[in-house]
There are 2 protein chains.
Amino acid sequence: MVQIAVARSGPRSQEKRAEILRRAADAFRRRGFHATGMRDIARSLGMTPGALYYYFRSKGDLLYFCQQHSLRRLLGEGRAILSRPGGEGEKLRTLIRAHVETLLDETGGSAAHLEVRALPSGRRPWILAQRDAYETTLRRLITRGVRSGAFRPVDPKLAALAILGAVNGIVLWWKPEGPRRPAEIAGAFAEVLVGGLER
Amino acid sequence: MVQIAVARSGPRSQEKRAEILRRAADAFRRRGFHATGMRDIARSLGMTPGALYYYFRSKGDLLYFCQQHSLRRLLGEGRAILSRPGGEGEKLRTLIRAHVETLLDETGGSAAHLEVRALPSGRRPWILAQRDAYETTLRRLITRGVRSGAFRPVDPKLAALAILGAVNGIVLWWKPEGPRRPAEIAGAFAEVLVGGLER
């Protein structure tokens with residue numbers, strides 16, 4: 001048991017876990033979360049299902065680590081952008097671009113990002129709390145922009161939800177082999193969405 | 001067999017089917033599509049599962065008719081708005097408001113609207129074709145607005161996808177008992193999303 005614990009947390013094991021997460025996110029994107037089994041993910045990695053279960057207890061557990069990874073990064077970037085000097089319009093553009101690029105580059109544009117209901121019930125509260133914290137960061141930035149006069153007098157809650165819906169929805173149609181690069185999509189979404197708030 | 005066919009297509013049967021669809025959409029919204037069984041839907045209607053299967057062959061079949069109902073309406077309204085005289089900004093506002101109100105009033109804000117992968121494979125092509133036709137209508141309206149100078153020179157494809165993501169994403173957070181009425185949400189989304197395109 002001690003050896004297993006060491007193996008699971010060592011640097012090699014961390015790399016292996018990261019590789020499994022990338023491959024799982026890719027499988028979820030291609031086939032959908034519900035249609036993808038642990039067996040499919042193991043096969044795509046050339047592993048036995050038993051070896052995969054050594055790293056992740058269940059498909060729900062794998063989903064949790066996929067979402068944890070992207071949420072940590074989104075929240076870290078969101079808070080850094082908020083505390084930086086500068087105008088709210090430019091900050092919001094930066095935040096939207098960072099969000100789109102995180103979703104498409106880091107997690108392979110996987111729709112697993114939206115599957116909150118499929119999380120193991122014990123894991124759900126942490127994810128929901130992080131999602132709320134991220135939404136709060138975004139709402140705070142919009143509220144400041146409305147107060148400073150950079151943005152029109154919109155309802156910050158609904159404006160934040162419109163932005164989140166648009167950017168998160170990208171994972172429902174995006175394909176890595178499609179004609180538009182992540183940076184291009186990120187830029188276009190930032191322009192359309194921030195343009196709707198600016199005076 | 002003839003009697004069954006008659007019963008299924010008579011006006012009473014149509015009413016019953018519409019009632020089942022409303023109740024199913026509501027159950028999908030509250031518990032999620034994947035966690036809701038035919039048994040749960042039957043129970044909420046005071047029917048036996050057998051009676052429910054008389055009207056709909058499977059949960060996937062029920063999902064198909066939910067989506068068919070809202071897509072028919074969305075597409076009908078979208079095409080009517082497109083062919084009307086008037087400016088593109090105002091038309092796009094009307095289309096977004098109609099879309100949000102259809103999702104929230106007609107289908108009870110059910111996330112089942114987004115579950116394309118869970119459709120029976122034989123039913124999927126019709127739904128995908130209708131979704132494409134709706135996206136084309138929206139893209140056409142944006143292209144005209146760019147040409148007329150009403151809108152900034154955006155990529156119509158990406159702008160349409162941003163709008164669709166934002167409005168379809170509402171079903172992921174909306175609750176009928178929440179503080180904001182459908183018309184209020186519809187108006188706020190129309191302003192934020194169209195404002196981003198107008199010069």
# chains A, B, ... in the order shown; residues from 1 in each chain; ligands from 1

$ interface_residues --of "chain A" --to "chain B" --cutoff "6 Å" --atoms "only C-alpha atoms" --output "list in words"
Ala162, Gly165, Ala166, Gly169, Val192, Leu193, Gly195 and Gly196 of chain A

$ write_last_selection --atoms "N, CA and C atoms" --output "PDB file, in the first residue's frame"
ATOM      1  N   ALA A 162     -24.148  35.237 -20.412  1.00  0.00           N
ATOM      2  CA  ALA A 162     -24.124  35.239 -21.886  1.00  0.00           C
ATOM      3  C   ALA A 162     -22.704  34.928 -22.370  1.00  0.00           C
ATOM      4  N   GLY A 165     -21.808  31.243 -21.592  1.00  0.00           N
ATOM      5  CA  GLY A 165     -22.526  30.332 -22.489  1.00  0.00           C
ATOM      6  C   GLY A 165     -21.867  30.288 -23.857  1.00  0.00           C
ATOM      7  N   ALA A 166     -21.523  31.471 -24.362  1.00  0.00           N
ATOM      8  CA  ALA A 166     -20.911  31.541 -25.695  1.00  0.00           C
ATOM      9  C   ALA A 166     -19.569  30.823 -25.715  1.00  0.00           C
ATOM     10  N   GLY A 169     -19.818  27.019 -24.946  1.00  0.00           N
ATOM     11  CA  GLY A 169     -20.507  26.324 -26.022  1.00  0.00           C
ATOM     12  C   GLY A 169     -19.593  25.950 -27.179  1.00  0.00           C
ATOM     13  N   VAL A 192     -16.716  40.177 -30.381  1.00  0.00           N
ATOM     14  CA  VAL A 192     -18.192  40.204 -30.425  1.00  0.00           C
ATOM     15  C   VAL A 192     -18.760  40.379 -29.024  1.00  0.00           C
ATOM     16  N   LEU A 193     -18.210  39.669 -28.053  1.00  0.00           N
ATOM     17  CA  LEU A 193     -18.808  39.689 -26.718  1.00  0.00           C
ATOM     18  C   LEU A 193     -18.489  40.970 -25.942  1.00  0.00           C
ATOM     19  N   GLY A 195     -17.600  43.849 -27.375  1.00  0.00           N
ATOM     20  CA  GLY A 195     -18.218  44.930 -28.136  1.00  0.00           C
ATOM     21  C   GLY A 195     -19.660  45.190 -27.722  1.00  0.00           C
ATOM     22  N   GLY A 196     -20.339  44.157 -27.264  1.00  0.00           N
ATOM     23  CA  GLY A 196     -21.729  44.298 -26.832  1.00  0.00           C
ATOM     24  C   GLY A 196     -21.884  45.009 -25.504  1.00  0.00           C
TER      25      GLY A 196
END

$ residues_around --residues "region 120-134 of chain B" --least-positions-apart "6" --cutoff "10 Å" --atoms "only C-alpha atoms" --output "NGL selection string"
:B and (58-65 or 67-68 or 71-72 or 74-79 or 140 or 164)

$ write_last_selection --atoms "C-alpha atoms" --output "compact mmCIF listing (two decimals), in the first residue's frame"
# COMPACT_ATOMS: atom_id res chain seq x y z
CA SER B 58 -38.01 5.00 -26.00
CA LYS B 59 -36.46 7.87 -24.07
CA GLY B 60 -34.45 8.73 -27.18
CA ASP B 61 -37.71 8.91 -29.14
CA LEU B 62 -39.15 11.28 -26.55
CA LEU B 63 -35.99 13.40 -26.80
CA TYR B 64 -36.39 13.52 -30.56
CA PHE B 65 -39.95 14.88 -30.34
CA GLN B 67 -36.20 18.77 -30.06
CA GLN B 68 -38.40 18.50 -33.15
CA LEU B 71 -36.65 23.34 -33.78
CA ARG B 72 -39.78 23.63 -35.93
CA LEU B 74 -37.33 28.28 -34.01
CA LEU B 75 -36.87 27.72 -37.71
CA GLY B 76 -40.35 29.00 -38.59
CA GLU B 77 -39.80 32.18 -36.60
CA GLY B 78 -36.24 32.64 -37.84
CA ARG B 79 -37.28 32.45 -41.51
CA ARG B 140 -27.43 34.88 -43.40
CA LEU B 164 -26.14 30.27 -30.39

$ closest_residue --among "B:Leu92, B:Ala112, B:Leu82, B:Ala51" --to "Phe28 (chain B)" --atoms "only C-alpha atoms"
B:Ala112

$ select_by_dssp --residues "region 24-157 of chain A" --states "alpha helix (DSSP H)" --output "ChimeraX atom specification"
/A:24-31,38-44,49-55,59-83,88-101,124-148,156-157

$ atom_distance --atom1 "CA of Ala24 (chain A)" --atom2 "CA of Ile41 (chain A)"
5.8 Å

$ residues_around --residues "Ala42 (chain A)" --least-positions-apart "2" --cutoff "12 Å" --atoms "only C-alpha atoms" --output "PyMOL selection string"
chain A and resi 19-21+23-24+27+36-40+44-56+58-59

$ write_last_selection --atoms "C-alpha atoms" --output "short mmCIF file (atom, residue, chain, number, x, y, z; two decimals), in the first residue's frame"
data_model
loop_
_atom_site.label_atom_id
_atom_site.label_comp_id
_atom_site.auth_asym_id
_atom_site.auth_seq_id
_atom_site.Cartn_x
_atom_site.Cartn_y
_atom_site.Cartn_z
CA GLU A 19 -1.30 11.86 -20.44
CA ILE A 20 -4.39 9.84 -19.48
CA LEU A 21 -6.36 13.04 -18.89
CA ARG A 23 -6.38 11.21 -24.03
CA ALA A 24 -9.63 10.89 -22.08
CA ALA A 27 -12.09 10.54 -26.45
CA THR A 36 -17.10 6.61 -23.95
CA GLY A 37 -16.16 3.81 -21.56
CA MET A 38 -13.05 3.31 -19.40
CA ARG A 39 -12.29 0.39 -21.73
CA ASP A 40 -12.18 2.75 -24.78
CA SER A 44 -6.48 4.37 -26.89
CA LEU A 45 -3.56 4.46 -24.41
CA GLY A 46 -2.50 0.88 -25.05
CA MET A 47 -3.24 0.07 -21.40
CA THR A 48 -5.35 -2.65 -19.83
CA PRO A 49 -8.54 -1.41 -18.11
CA GLY A 50 -7.00 -2.64 -14.83
CA ALA A 51 -3.96 -0.40 -15.31
CA LEU A 52 -6.19 2.58 -16.02
CA TYR A 53 -8.19 1.94 -12.82
CA TYR A 54 -4.89 2.07 -10.94
CA TYR A 55 -4.63 5.78 -11.85
CA PHE A 56 -8.32 6.76 -11.78
CA SER A 58 -13.83 5.60 -12.22
CA LYS A 59 -14.86 7.55 -15.32
#

$ closest_residue --among "A:Arg93, A:Arg30, A:His99, A:Arg43" --to "Glu177 (chain A)" --atoms "only C-alpha atoms"
A:Arg30

$ closest_residue --among "B:Ala183, B:Ala150, B:Ala111, B:Ala18" --to "Ala98 (chain B)" --atoms "only C-alpha atoms"
B:Ala183

$ atom_distance --atom1 "CA of Ser70 (chain B)" --atom2 "CA of Glu15 (chain B)"
16.4 Å

$ residues_around --residues "Glu88 (chain A)" --least-positions-apart "5" --cutoff "9 Å" --atoms "only C-alpha atoms" --output "PDB file with C-alpha atoms, in the first residue's frame"
ATOM      1  CA  LEU A  82      -8.775  41.269 -12.564  1.00  0.00           C
ATOM      2  CA  ARG A  93     -11.007  40.683 -23.946  1.00  0.00           C
ATOM      3  CA  LEU A 141     -15.037  42.745 -13.854  1.00  0.00           C
ATOM      4  CA  ILE A 142     -18.296  43.597 -15.648  1.00  0.00           C
ATOM      5  CA  ARG A 144     -16.467  47.559 -12.441  1.00  0.00           C
ATOM      6  CA  GLY A 145     -16.765  48.325 -16.134  1.00  0.00           C
ATOM      7  CA  VAL A 146     -20.368  49.474 -15.693  1.00  0.00           C
ATOM      8  CA  SER A 148     -16.366  53.210 -14.554  1.00  0.00           C
ATOM      9  CA  ALA A 150     -16.488  51.639 -19.858  1.00  0.00           C
ATOM     10  CA  PHE A 151     -19.543  49.385 -20.263  1.00  0.00           C
TER      11      PHE A 151
END
